[in-house]
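First comes the structure, then the notes that go with it.
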Number of protein chains: 2
Amino acid sequence: MARGEFDLIAAITERLPATGPRLRVASGDDAAVIEPGNRATAVTVDAIVEGVHFTLPEFPPAAVGRKALAAALSDLAAMGASPGEAYVVLGAPLEAGDEALLAVADGIAEVAGREGVVVAGGDLVAAPRLFLAVTAVGYEGEAPLVGRAGARRGDLVAVTGELGGAAAALELLTGGVRAEGIAPERREALIARQLDPRPRLAAGQALAAVGATAMIDLSDGLGADAGHLAGASGGRLEVDLDRLPLAEGVAEVARRGGGVELAAVGGEDFELLATLPSERFDDARAAVGAGGVELTEIGYVTEGEGVSLRLPGGGELEPAGFDQRRGSRSGSAGSGSGSSDSGSSSSG
Amino acid sequence: MARGEFDLIAAITERLPATGPRLRVASGDDAAVIEPGNRATAVTVDAIVEGVHFTLPEFPPAAVGRKALAAALSDLAAMGASPGEAYVVLGAPLEAGDEALLAVADGIAEVAGREGVVVAGGDLVAAPRLFLAVTAVGYEGEAPLVGRAGARRGDLVAVTGELGGAAAALELLTGGVRAEGIAPERREALIARQLDPRPRLAAGQALAAVGATAMIDLSDGLGADAGHLAGASGGRLEVDLDRLPLAEGVAEVARRGGGVELAAVGGEDFELLATLPSERFDDARAAVGAGGVELTEIGYVTEGEGVSLRLPGGGELEPAGFDQRRGSRSGSAGSGSGSSDSGSSSSG
């Protein structure tokens, strides 16, 4: 069935964009050679594993490729970086058909083409289950790259786009939720939040340009990721949950609570959470909006540590996040203390 | 047993060297931020998977970490690059103990410290079997980086160090070969070729500086890798097998043929194969020798394509290589035609 390794690599390589302004030598040599010029680079690695981060057959192979690259690019978006190159390790069982692996490559190529990313190298290895490990490299533009550690007391907290869609999509795809009241086009749009997530690259660059003080992408969930940002910055994030911009259909999918919990705790929305001086908000909303993405104020930064997720009726929601190692949700993250600033598992 | 994800990541991060001259922001943010200056970068990715590239318990966890980073750095050595940063994805079963994962980190730290590499980022994910995917970034020095494609007719072919040791070590570790005639210290040295492989970084930079026209590291085996170089360069490599520098003990381990076959076909020696104008050989040998590594002339470049591995008694050995996807040896590589220049699976 499977053709030889070298033929398959050649067929995969053909499908991936492999020329770009900085590329001196592409895939096929011992290493790719990049000429970054005199610019700072942002580098991140991100891996997804079958059964942990996605399931088959709910995720078609192309969606696996799209998700792996999009998740890595989302980290670059959170730095305000301009995307450059990606390097992809594809691990696949021998019984995986070549067509499935080429479809994974097509998914990677689709996102790379859309976001202007060159796939400059890769590795293909045998593995017991499908996995993808993506290294993404981005570049500093006019504005300095934005980390997690710069939030200041009095900054407002804002979020791009809409929340809860990815968690709702997972309920529809694998959770047995039918939510038959949702119109088909809304259902499609929700499911796309899992099968075709969009990294907020333009929004991240716009936020960096208008002076965002800190940013993080929402991969582990708003509560957990806000905790990482608070921990790195040494402050406390107060978030009003009734201000969260819910993706359409999330309320219908949610088993309880009108969708706020899915939006606050669900992971993988790949929206950006940013802090910025309040006087910069109108400019920020306009700059992000120019790319067709909403920016919504959801809270502010105070003294202290950790995150407060305030429920509309009073009380607070417990922050929780996705434990990458256990492949399940835990309530341990987001406390804003010691461990947060040494890391999200998708860090750097 | 296992502590939480964030605690484990913190414990792993503590063990890895994370400061360096180019590092503005290290692991723990969405991405690491590197200031490469105005230098070209060489970037390579390399993954190893339990059961495919190593077996347990023959490979202790620290050896797995050492091997993963050393293999990636070997690609940088083959470009003549100066090593810079590494990014590590660690996939591990939930039942893997924290101590084993920390030992993997110790192995990575050992090689990183020895070679002056900063581990600037990573990702920890659940996976059915242990795997490591390493992205290594190196930098161009005074001499231009050297690819696979520059070999010219009349160049001589040289190899660093000693061959066959890694294949012989595998026979001792997992192949049931006892070879009781080998002295204990020789056995140790052989086994270290698998459990503590040394990337030829200084030799690669020395070869680039004296004008090597093409280089590749020997990961798939001399025959296969010579084929990749020949294919990329558009020439034919004539190799005299009786000139191969055999590691001590290889002949005793080999079941037949005095060890030449292990040296010519066995993978993972991580020595460098280089082509260079013959008048540069003495300088090259001196420059490589300054780092304590031998350089041996083993053949020359002619017109044509592919590789000729000439046996001492006349006749030729069939080039063969490791099929990463099948996890087994195949005879398909090294033909020097179309597929070779689109890639070794460990390319860029």
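Identifiers in the structure tokens: chain A, B, ... in order shown; residue index from 1 per chain; ligand index from 1 in order shown.
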
May I have all residues of segment 90-232 of chain B that DSSP, computed from the backbone, assigns to helix (DSSP H, G or I), given as a compact mmCIF listing (two decimals) with all heavy atoms, in the first residue's frame?
```
# COMPACT_ATOMS: atom_id res chain seq x y z
N ASP B 98 7.36 10.54 36.46
CA ASP B 98 8.01 11.85 36.38
C ASP B 98 9.52 11.71 36.39
O ASP B 98 10.24 12.46 35.72
CB ASP B 98 7.58 12.73 37.55
CG ASP B 98 6.13 13.21 37.41
OD1 ASP B 98 5.52 12.93 36.35
OD2 ASP B 98 5.65 13.85 38.34
N GLU B 99 10.03 10.76 37.17
CA GLU B 99 11.48 10.61 37.26
C GLU B 99 12.08 10.26 35.91
O GLU B 99 13.16 10.74 35.54
CB GLU B 99 11.86 9.54 38.30
CG GLU B 99 11.58 9.97 39.74
CD GLU B 99 12.02 11.41 40.03
OE1 GLU B 99 13.19 11.75 39.76
OE2 GLU B 99 11.19 12.20 40.50
N ALA B 100 11.39 9.42 35.15
CA ALA B 100 11.88 9.07 33.82
C ALA B 100 11.90 10.30 32.91
O ALA B 100 12.86 10.53 32.17
CB ALA B 100 11.02 7.97 33.20
N LEU B 101 10.86 11.11 32.99
CA LEU B 101 10.81 12.30 32.13
C LEU B 101 11.86 13.33 32.54
O LEU B 101 12.46 13.99 31.69
CB LEU B 101 9.41 12.91 32.16
CG LEU B 101 8.29 11.96 31.71
CD1 LEU B 101 6.96 12.69 31.61
CD2 LEU B 101 8.63 11.29 30.39
N LEU B 102 12.10 13.42 33.83
CA LEU B 102 13.16 14.33 34.28
C LEU B 102 14.53 13.80 33.84
O LEU B 102 15.42 14.59 33.51
CB LEU B 102 13.10 14.50 35.80
CG LEU B 102 11.84 15.22 36.31
CD1 LEU B 102 11.78 15.21 37.83
CD2 LEU B 102 11.78 16.65 35.77
N ALA B 103 14.67 12.49 33.78
CA ALA B 103 15.93 11.92 33.30
C ALA B 103 16.10 12.20 31.79
O ALA B 103 17.22 12.46 31.33
CB ALA B 103 15.99 10.42 33.57
N VAL B 104 15.01 12.15 31.03
CA VAL B 104 15.08 12.56 29.62
C VAL B 104 15.59 14.00 29.54
O VAL B 104 16.49 14.33 28.75
CB VAL B 104 13.71 12.43 28.93
CG1 VAL B 104 13.74 13.08 27.55
CG2 VAL B 104 13.28 10.96 28.82
N ALA B 105 15.02 14.86 30.38
CA ALA B 105 15.45 16.27 30.40
C ALA B 105 16.92 16.39 30.77
O ALA B 105 17.65 17.20 30.20
CB ALA B 105 14.58 17.07 31.37
N ASP B 106 17.37 15.56 31.72
CA ASP B 106 18.78 15.58 32.10
C ASP B 106 19.67 15.22 30.91
O ASP B 106 20.75 15.79 30.73
CB ASP B 106 19.05 14.60 33.25
CG ASP B 106 18.54 15.13 34.59
OD1 ASP B 106 18.40 16.36 34.72
OD2 ASP B 106 18.29 14.30 35.49
N GLY B 107 19.23 14.24 30.12
CA GLY B 107 20.00 13.86 28.94
C GLY B 107 20.08 14.99 27.93
O GLY B 107 21.14 15.25 27.34
N ILE B 108 18.96 15.66 27.73
CA ILE B 108 18.94 16.82 26.83
C ILE B 108 19.88 17.90 27.36
O ILE B 108 20.68 18.48 26.62
CB ILE B 108 17.50 17.37 26.69
CG1 ILE B 108 16.61 16.34 25.99
CG2 ILE B 108 17.50 18.71 25.95
CD1 ILE B 108 15.12 16.67 26.07
N ALA B 109 19.78 18.14 28.68
CA ALA B 109 20.60 19.19 29.30
C ALA B 109 22.09 18.87 29.17
O ALA B 109 22.92 19.77 28.97
CB ALA B 109 20.22 19.35 30.76
N GLU B 110 22.42 17.59 29.28
CA GLU B 110 23.83 17.18 29.20
C GLU B 110 24.42 17.55 27.83
O GLU B 110 25.49 18.15 27.74
CB GLU B 110 23.92 15.67 29.44
CG GLU B 110 25.32 15.13 29.52
CD GLU B 110 25.32 13.60 29.67
OE1 GLU B 110 24.32 13.04 30.18
OE2 GLU B 110 26.32 12.98 29.25
N VAL B 111 23.70 17.20 26.77
CA VAL B 111 24.19 17.50 25.42
C VAL B 111 24.15 19.01 25.16
O VAL B 111 25.09 19.59 24.60
CB VAL B 111 23.36 16.75 24.36
CG1 VAL B 111 23.76 17.17 22.95
CG2 VAL B 111 23.54 15.24 24.55
N ALA B 112 23.07 19.65 25.62
CA ALA B 112 22.95 21.10 25.40
C ALA B 112 24.10 21.83 26.07
O ALA B 112 24.72 22.73 25.48
CB ALA B 112 21.61 21.60 25.93
N GLY B 113 24.40 21.45 27.31
CA GLY B 113 25.48 22.09 28.03
C GLY B 113 26.83 21.87 27.36
O GLY B 113 27.63 22.80 27.21
N ARG B 114 27.06 20.64 26.93
CA ARG B 114 28.34 20.30 26.30
C ARG B 114 28.53 21.06 24.99
O ARG B 114 29.65 21.47 24.65
CB ARG B 114 28.37 18.79 26.04
CG ARG B 114 29.69 18.24 25.61
CD ARG B 114 29.69 16.72 25.76
NE ARG B 114 28.71 16.09 24.88
CZ ARG B 114 28.09 14.93 25.14
NH1 ARG B 114 28.34 14.27 26.26
NH2 ARG B 114 27.22 14.43 24.30
N GLU B 115 27.44 21.23 24.24
CA GLU B 115 27.55 21.83 22.90
C GLU B 115 27.21 23.32 22.88
O GLU B 115 27.21 23.94 21.81
CB GLU B 115 26.66 21.07 21.92
CG GLU B 115 26.87 19.56 21.87
CD GLU B 115 28.28 19.15 21.38
OE1 GLU B 115 29.05 20.03 20.95
OE2 GLU B 115 28.60 17.94 21.46
N GLY B 165 30.27 2.02 14.41
CA GLY B 165 30.13 1.88 15.87
C GLY B 165 28.69 1.85 16.32
O GLY B 165 28.31 1.04 17.19
N ALA B 166 27.86 2.71 15.74
CA ALA B 166 26.46 2.78 16.18
C ALA B 166 25.72 1.50 15.82
O ALA B 166 24.93 0.98 16.60
CB ALA B 166 25.77 4.00 15.56
N ALA B 167 26.00 0.98 14.62
CA ALA B 167 25.34 -0.27 14.20
C ALA B 167 25.82 -1.43 15.06
O ALA B 167 25.04 -2.30 15.45
CB ALA B 167 25.61 -0.53 12.72
N ALA B 168 27.12 -1.45 15.35
CA ALA B 168 27.66 -2.52 16.22
C ALA B 168 27.06 -2.41 17.61
O ALA B 168 26.72 -3.43 18.23
CB ALA B 168 29.18 -2.42 16.27
N ALA B 169 26.91 -1.20 18.10
CA ALA B 169 26.32 -1.00 19.43
C ALA B 169 24.90 -1.54 19.48
O ALA B 169 24.49 -2.15 20.47
CB ALA B 169 26.33 0.49 19.79
N LEU B 170 24.16 -1.32 18.41
CA LEU B 170 22.78 -1.82 18.36
C LEU B 170 22.76 -3.34 18.40
O LEU B 170 21.89 -3.94 19.04
CB LEU B 170 22.11 -1.29 17.09
CG LEU B 170 20.63 -0.95 17.16
CD1 LEU B 170 20.33 0.00 18.32
CD2 LEU B 170 20.19 -0.32 15.85
N GLU B 171 23.73 -3.96 17.73
CA GLU B 171 23.83 -5.43 17.79
C GLU B 171 24.07 -5.89 19.22
O GLU B 171 23.50 -6.88 19.67
CB GLU B 171 24.97 -5.92 16.89
CG GLU B 171 24.77 -5.67 15.41
CD GLU B 171 23.75 -6.61 14.79
OE1 GLU B 171 23.66 -7.76 15.24
OE2 GLU B 171 23.03 -6.17 13.88
N LEU B 172 24.93 -5.16 19.91
CA LEU B 172 25.23 -5.54 21.30
C LEU B 172 24.05 -5.27 22.23
O LEU B 172 23.74 -6.06 23.12
CB LEU B 172 26.45 -4.77 21.80
CG LEU B 172 27.79 -5.12 21.15
CD1 LEU B 172 28.87 -4.14 21.61
CD2 LEU B 172 28.20 -6.55 21.48
N LEU B 173 23.37 -4.15 22.00
CA LEU B 173 22.28 -3.75 22.91
C LEU B 173 21.02 -4.56 22.69
O LEU B 173 20.36 -4.96 23.63
CB LEU B 173 21.94 -2.26 22.70
CG LEU B 173 22.87 -1.23 23.32
CD1 LEU B 173 22.55 0.16 22.78
CD2 LEU B 173 22.74 -1.23 24.84
N THR B 174 20.67 -4.77 21.42
CA THR B 174 19.36 -5.36 21.14
C THR B 174 19.41 -6.55 20.19
O THR B 174 18.40 -7.21 19.99
CB THR B 174 18.41 -4.32 20.52
OG1 THR B 174 18.90 -3.97 19.22
CG2 THR B 174 18.31 -3.07 21.37
N PRO B 184 36.23 -4.92 27.76
CA PRO B 184 35.12 -4.14 28.33
C PRO B 184 35.14 -2.66 27.94
O PRO B 184 34.10 -2.07 27.67
CB PRO B 184 35.30 -4.32 29.84
CG PRO B 184 36.04 -5.60 29.99
CD PRO B 184 36.92 -5.72 28.78
N GLU B 185 36.33 -2.06 27.90
CA GLU B 185 36.37 -0.63 27.60
C GLU B 185 36.01 -0.35 26.13
O GLU B 185 35.41 0.68 25.81
CB GLU B 185 37.70 0.01 28.00
CG GLU B 185 38.94 -0.50 27.26
CD GLU B 185 39.51 -1.80 27.86
OE1 GLU B 185 38.80 -2.45 28.67
OE2 GLU B 185 40.64 -2.17 27.51
N ARG B 186 36.36 -1.29 25.25
CA ARG B 186 35.95 -1.14 23.85
C ARG B 186 34.45 -1.29 23.70
O ARG B 186 33.81 -0.60 22.93
CB ARG B 186 36.62 -2.21 22.99
CG ARG B 186 38.02 -1.84 22.59
CD ARG B 186 38.46 -2.68 21.42
NE ARG B 186 39.89 -2.55 21.23
CZ ARG B 186 40.59 -3.26 20.38
NH1 ARG B 186 39.98 -4.19 19.64
NH2 ARG B 186 41.88 -3.09 20.24
N ARG B 187 33.91 -2.25 24.44
CA ARG B 187 32.47 -2.46 24.42
C ARG B 187 31.75 -1.20 24.89
O ARG B 187 30.78 -0.75 24.26
CB ARG B 187 32.12 -3.65 25.33
CG ARG B 187 30.64 -4.00 25.41
CD ARG B 187 30.40 -5.10 26.42
NE ARG B 187 31.02 -6.35 26.02
CZ ARG B 187 30.38 -7.31 25.34
NH1 ARG B 187 29.11 -7.16 25.04
NH2 ARG B 187 31.01 -8.40 24.99
N GLU B 188 32.23 -0.62 25.96
CA GLU B 188 31.67 0.64 26.47
C GLU B 188 31.70 1.74 25.42
O GLU B 188 30.73 2.46 25.22
CB GLU B 188 32.50 1.13 27.67
CG GLU B 188 32.29 0.36 28.94
CD GLU B 188 31.00 0.75 29.64
OE1 GLU B 188 30.84 1.94 29.98
OE2 GLU B 188 30.14 -0.14 29.81
N ALA B 189 32.85 1.84 24.77
CA ALA B 189 33.00 2.90 23.78
C ALA B 189 32.05 2.69 22.60
O ALA B 189 31.48 3.64 22.07
CB ALA B 189 34.45 2.95 23.29
N LEU B 190 31.91 1.43 22.21
CA LEU B 190 30.97 1.13 21.12
C LEU B 190 29.54 1.49 21.52
O LEU B 190 28.82 2.15 20.78
CB LEU B 190 31.01 -0.36 20.78
CG LEU B 190 32.01 -0.82 19.74
CD1 LEU B 190 31.82 -2.30 19.49
CD2 LEU B 190 31.86 -0.04 18.43
N ILE B 191 29.14 1.05 22.70
CA ILE B 191 27.76 1.27 23.14
C ILE B 191 27.46 2.76 23.28
O ILE B 191 26.35 3.22 23.04
CB ILE B 191 27.49 0.46 24.43
CG1 ILE B 191 27.34 -1.02 24.04
CG2 ILE B 191 26.24 0.94 25.15
CD1 ILE B 191 27.15 -1.97 25.19
N ALA B 192 28.49 3.52 23.64
CA ALA B 192 28.30 4.97 23.74
C ALA B 192 27.93 5.59 22.39
O ALA B 192 27.32 6.66 22.35
CB ALA B 192 29.56 5.63 24.29
N ARG B 193 28.29 4.92 21.29
CA ARG B 193 27.90 5.46 19.98
C ARG B 193 26.38 5.49 19.82
O ARG B 193 25.86 6.23 19.00
CB ARG B 193 28.52 4.64 18.84
CG ARG B 193 30.05 4.65 18.77
CD ARG B 193 30.64 6.03 18.57
NE ARG B 193 30.22 6.70 17.36
CZ ARG B 193 31.05 7.20 16.44
NH1 ARG B 193 32.35 7.07 16.57
NH2 ARG B 193 30.57 7.83 15.40
N GLN B 194 25.67 4.64 20.56
CA GLN B 194 24.21 4.70 20.57
C GLN B 194 23.67 5.53 21.74
O GLN B 194 22.75 6.31 21.57
CB GLN B 194 23.60 3.29 20.66
CG GLN B 194 23.51 2.56 19.33
CD GLN B 194 22.46 3.16 18.39
OE1 GLN B 194 21.53 3.86 18.80
NE2 GLN B 194 22.61 2.89 17.11
N LEU B 195 24.25 5.35 22.91
CA LEU B 195 23.66 5.95 24.10
C LEU B 195 24.15 7.37 24.36
O LEU B 195 23.58 8.08 25.18
CB LEU B 195 23.94 5.08 25.34
CG LEU B 195 23.42 3.63 25.28
CD1 LEU B 195 23.57 2.96 26.64
CD2 LEU B 195 21.97 3.58 24.82
N LEU B 201 30.03 18.95 15.53
CA LEU B 201 29.81 20.38 15.29
C LEU B 201 31.09 21.12 14.97
O LEU B 201 31.15 21.89 14.00
CB LEU B 201 29.11 20.99 16.51
CG LEU B 201 27.63 20.57 16.61
CD1 LEU B 201 27.13 20.67 18.04
CD2 LEU B 201 26.77 21.43 15.68
N ALA B 202 32.15 20.89 15.74
CA ALA B 202 33.41 21.60 15.48
C ALA B 202 33.99 21.16 14.15
O ALA B 202 34.50 21.98 13.37
CB ALA B 202 34.40 21.33 16.62
N ALA B 203 33.91 19.86 13.86
CA ALA B 203 34.43 19.36 12.59
C ALA B 203 33.67 19.97 11.41
O ALA B 203 34.26 20.33 10.39
CB ALA B 203 34.34 17.83 12.55
N GLY B 204 32.35 20.10 11.56
CA GLY B 204 31.55 20.68 10.48
C GLY B 204 31.93 22.12 10.21
O GLY B 204 32.07 22.55 9.05
N GLN B 205 32.15 22.88 11.28
CA GLN B 205 32.55 24.28 11.10
C GLN B 205 33.95 24.36 10.49
O GLN B 205 34.22 25.22 9.64
CB GLN B 205 32.48 25.01 12.43
CG GLN B 205 31.05 25.15 12.95
CD GLN B 205 30.98 25.68 14.39
OE1 GLN B 205 31.30 26.83 14.65
NE2 GLN B 205 30.60 24.83 15.32
N ALA B 206 34.83 23.44 10.92
CA ALA B 206 36.19 23.43 10.36
C ALA B 206 36.15 23.10 8.87
O ALA B 206 36.85 23.72 8.06
CB ALA B 206 37.04 22.41 11.12
N LEU B 207 35.34 22.13 8.50
CA LEU B 207 35.24 21.74 7.09
C LEU B 207 34.65 22.88 6.25
O LEU B 207 35.10 23.13 5.12
CB LEU B 207 34.40 20.47 6.95
CG LEU B 207 35.12 19.18 7.37
CD1 LEU B 207 34.14 18.05 7.63
CD2 LEU B 207 36.14 18.78 6.29
N ALA B 208 33.65 23.57 6.79
CA ALA B 208 33.10 24.72 6.07
C ALA B 208 34.18 25.78 5.86
O ALA B 208 34.30 26.37 4.78
CB ALA B 208 31.90 25.29 6.82
N ALA B 209 34.98 25.99 6.91
CA ALA B 209 35.99 27.04 6.84
C ALA B 209 37.09 26.74 5.82
O ALA B 209 37.64 27.66 5.20
CB ALA B 209 36.60 27.26 8.23
N LEU B 222 26.09 5.28 5.48
CA LEU B 222 26.99 5.87 4.48
C LEU B 222 26.43 5.71 3.06
O LEU B 222 26.41 6.67 2.28
CB LEU B 222 28.37 5.21 4.58
CG LEU B 222 29.38 5.60 3.48
CD1 LEU B 222 29.77 7.08 3.61
CD2 LEU B 222 30.62 4.72 3.53
N GLY B 223 25.99 4.51 2.72
CA GLY B 223 25.51 4.27 1.36
C GLY B 223 24.34 5.17 1.02
O GLY B 223 24.32 5.83 -0.03
N ALA B 224 23.35 5.21 1.91
CA ALA B 224 22.16 6.00 1.66
C ALA B 224 22.48 7.49 1.65
O ALA B 224 22.06 8.24 0.76
CB ALA B 224 21.10 5.70 2.70
N ASP B 225 23.25 7.94 2.62
CA ASP B 225 23.53 9.37 2.73
C ASP B 225 24.45 9.86 1.61
O ASP B 225 24.29 10.97 1.12
CB ASP B 225 24.10 9.69 4.12
CG ASP B 225 23.03 9.54 5.21
OD1 ASP B 225 21.89 9.99 4.98
OD2 ASP B 225 23.34 8.96 6.27
N ALA B 226 25.39 9.02 1.21
CA ALA B 226 26.21 9.37 0.05
C ALA B 226 25.31 9.52 -1.18
O ALA B 226 25.54 10.39 -2.03
CB ALA B 226 27.28 8.30 -0.20
N GLY B 227 24.29 8.68 -1.25
CA GLY B 227 23.32 8.79 -2.34
C GLY B 227 22.56 10.11 -2.31
O GLY B 227 22.33 10.72 -3.36
N HIS B 228 22.18 10.55 -1.12
CA HIS B 228 21.48 11.84 -1.02
C HIS B 228 22.39 12.96 -1.51
O HIS B 228 21.96 13.85 -2.25
CB HIS B 228 21.09 12.14 0.43
CG HIS B 228 20.18 11.12 1.04
ND1 HIS B 228 19.15 10.54 0.35
CD2 HIS B 228 20.14 10.58 2.29
CE1 HIS B 228 18.50 9.68 1.15
NE2 HIS B 228 19.09 9.69 2.32
N LEU B 229 23.66 12.92 -1.08
CA LEU B 229 24.60 13.97 -1.48
C LEU B 229 24.84 13.93 -2.99
O LEU B 229 24.83 14.97 -3.66
CB LEU B 229 25.91 13.81 -0.69
CG LEU B 229 26.90 14.97 -0.77
CD1 LEU B 229 27.75 15.05 0.50
CD2 LEU B 229 27.80 14.86 -1.99
N ALA B 230 25.02 12.71 -3.52
CA ALA B 230 25.25 12.57 -4.96
C ALA B 230 24.04 13.10 -5.75
O ALA B 230 24.19 13.82 -6.74
CB ALA B 230 25.51 11.11 -5.31
N GLY B 231 22.84 12.74 -5.27
CA GLY B 231 21.62 13.17 -5.95
C GLY B 231 21.46 14.67 -5.94
O GLY B 231 21.09 15.29 -6.95
N ALA B 232 21.75 15.29 -4.78
CA ALA B 232 21.60 16.74 -4.68
C ALA B 232 22.65 17.47 -5.51
O ALA B 232 22.39 18.52 -6.08
CB ALA B 232 21.69 17.17 -3.21
```

Members of segment 98-323 of chain B assigned strand (DSSP E) by DSSP, as a PyMOL selection string: chain B and resi 118-126+131-139+156-160+214-217+236-240+272-276+295-302+306-310+316-317+321-323

Skipping near chain neighbours, those fewer than 3 positions away, what residues fall within 12 Å of segment 140-143 of chain B using only C-alpha atoms, listed as a ChimeraX atom specification? /A:31-36 /B:36-43,76-77,79-84,137,146,202,204-213

What's the 12 Å shell around Leu317 of chain A, counting only C-alpha atoms, without same-chain residues fewer than 2 positions away, as a VMD selection string? chain A and resid 222 to 224 238 to 242 257 260 to 265 307 to 315 319 to 320 331 334

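Among A:Ala86, A:Ala68, A:Val118, A:Leu295, the residue with the shortest atom-to-atom distance to Ala47 of chain A, counting only C-alpha atoms, is A:Ala68.
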
Which polymer residues have any atom within 9 Å of an atom of Ile182 of chain A, counting only C-alpha atoms, with same-chain residues fewer than 5 positions away left out, as a PyMOL selection string? chain A and resi 187+249+252-253

Output N, CA, C and O atoms for every residue in the selection just made, as a PDB file, in the first residue's frame.
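Now in part11.pdb:
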```
ATOM      1  N   ARG A 187     -24.368  25.793  12.863  1.00  0.00           N
ATOM      2  CA  ARG A 187     -23.690  24.554  13.249  1.00  0.00           C
ATOM      3  C   ARG A 187     -22.368  24.411  12.502  1.00  0.00           C
ATOM      4  O   ARG A 187     -21.328  24.111  13.088  1.00  0.00           O
ATOM      5  N   GLY A 249     -24.641  30.227  18.823  1.00  0.00           N
ATOM      6  CA  GLY A 249     -24.930  28.797  18.942  1.00  0.00           C
ATOM      7  C   GLY A 249     -24.370  28.175  20.209  1.00  0.00           C
ATOM      8  O   GLY A 249     -24.760  27.065  20.579  1.00  0.00           O
ATOM      9  N   GLU A 252     -26.995  27.487  22.836  1.00  0.00           N
ATOM     10  CA  GLU A 252     -27.865  26.345  22.525  1.00  0.00           C
ATOM     11  C   GLU A 252     -27.155  25.017  22.795  1.00  0.00           C
ATOM     12  O   GLU A 252     -27.786  24.032  23.166  1.00  0.00           O
ATOM     13  N   VAL A 253     -25.843  24.981  22.577  1.00  0.00           N
ATOM     14  CA  VAL A 253     -25.099  23.734  22.769  1.00  0.00           C
ATOM     15  C   VAL A 253     -24.852  23.462  24.261  1.00  0.00           C
ATOM     16  O   VAL A 253     -24.865  22.317  24.699  1.00  0.00           O
TER      17      VAL A 253
END
```

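Using only C-alpha atoms, the smallest distance between any of B:Leu272, B:Ala70, B:Ala133, B:Val117 and chain A comes from B:Ala133.
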
Considering only C-alpha atoms, state which residue in the set A:Ala92, A:Ala158, A:Leu237, A:Leu218 is at the smallest distance from Glu294 of chain A.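 Among A:Ala92, A:Ala158, A:Leu237, A:Leu218, it is A:Ala158 that comes nearest to Glu294 of chain A.
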
I'd like the neighbourhood of Leu69 of chain A as an MDAnalysis selection string, where a residue qualifies if any of its atoms comes within 9 Å (using only C-alpha atoms), though same-chain residues fewer than 2 positions away should be ignored. chainID A and resid 46 64:67 71:74 86 88 107:108 111:112 132:136

Same residues, N, CA and C atoms, saved as a CSV table (one decimal), in the first residue's frame:
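So the final result, stored in again03.csv, reads:
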```csv
chain,number,residue,atom,x,y,z
A,46,ASP,N,4.5,23.3,19.1
A,46,ASP,CA,3.2,22.9,19.5
A,46,ASP,C,2.9,21.6,18.8
A,64,VAL,N,-6.8,17.9,10.8
A,64,VAL,CA,-5.7,17.6,11.7
A,64,VAL,C,-4.5,18.5,11.3
A,65,GLY,N,-4.2,18.5,10.0
A,65,GLY,CA,-3.1,19.4,9.5
A,65,GLY,C,-3.4,20.9,9.7
A,66,ARG,N,-4.6,21.3,9.4
A,66,ARG,CA,-5.0,22.7,9.7
A,66,ARG,C,-4.8,23.1,11.1
A,67,LYS,N,-5.3,22.2,12.0
A,67,LYS,CA,-5.3,22.5,13.4
A,67,LYS,C,-3.9,22.6,14.0
A,71,ALA,N,-2.7,26.1,15.5
A,71,ALA,CA,-2.4,26.2,16.9
A,71,ALA,C,-1.0,26.8,17.1
A,72,ALA,N,0.0,26.5,16.3
A,72,ALA,CA,1.3,27.0,16.4
A,72,ALA,C,1.4,28.5,16.0
A,73,LEU,N,0.7,28.8,15.0
A,73,LEU,CA,0.6,30.2,14.5
A,73,LEU,C,-0.1,31.1,15.5
A,74,SER,N,-1.0,30.5,16.3
A,74,SER,CA,-1.8,31.3,17.3
A,74,SER,C,-0.8,31.8,18.3
A,86,ALA,N,7.5,27.5,9.0
A,86,ALA,CA,7.0,26.4,9.8
A,86,ALA,C,7.8,25.2,9.5
A,88,VAL,N,7.6,21.0,10.3
A,88,VAL,CA,6.5,20.0,10.7
A,88,VAL,C,7.1,18.6,10.8
A,107,GLY,N,-4.0,20.0,4.4
A,107,GLY,CA,-4.5,20.9,5.5
A,107,GLY,C,-3.5,21.9,5.9
A,108,ILE,N,-2.2,21.4,6.1
A,108,ILE,CA,-1.1,22.3,6.5
A,108,ILE,C,-0.9,23.3,5.4
A,111,VAL,N,-3.6,26.2,5.4
A,111,VAL,CA,-3.4,27.3,6.4
A,111,VAL,C,-2.1,28.1,6.1
A,112,ALA,N,-1.1,27.4,5.6
A,112,ALA,CA,0.2,28.1,5.3
A,112,ALA,C,0.0,29.1,4.2
A,132,LEU,N,1.4,15.4,15.2
A,132,LEU,CA,2.1,16.5,14.4
A,132,LEU,C,2.7,17.4,15.4
A,133,ALA,N,4.0,17.7,15.2
A,133,ALA,CA,4.7,18.7,16.0
A,133,ALA,C,5.1,19.8,15.1
A,134,VAL,N,4.7,21.0,15.4
A,134,VAL,CA,5.0,22.1,14.5
A,134,VAL,C,5.8,23.2,15.2
A,135,THR,N,6.9,23.5,14.6
A,135,THR,CA,7.7,24.7,15.0
A,135,THR,C,7.3,25.8,14.1
A,136,ALA,N,6.9,27.0,14.7
A,136,ALA,CA,6.6,28.1,13.9
A,136,ALA,C,7.5,29.3,14.3
```

Can you tell me, as a list in words, what residues are no more than 6 Å from Val301 of chain A when counting only C-alpha atoms, ignoring any on the same chain fewer than 2 positions away? Arg153, Gly154, Asp155, Arg236 and Leu237 of chain A

Those residues you just picked out, can you put them in a file as a short mmCIF file (atom, residue, chain, number, x, y, z; two decimals), in the first residue's frame with C-alpha atoms?
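Full text of out25.cif as output:
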```cif
data_model
loop_
_atom_site.label_atom_id
_atom_site.label_comp_id
_atom_site.auth_asym_id
_atom_site.auth_seq_id
_atom_site.Cartn_x
_atom_site.Cartn_y
_atom_site.Cartn_z
CA ARG A 153 -2.63 47.76 37.19
CA GLY A 154 -5.45 49.77 35.61
CA ASP A 155 -5.05 48.23 32.14
CA ARG A 236 -4.82 40.08 39.05
CA LEU A 237 -7.29 39.92 36.18
#
```
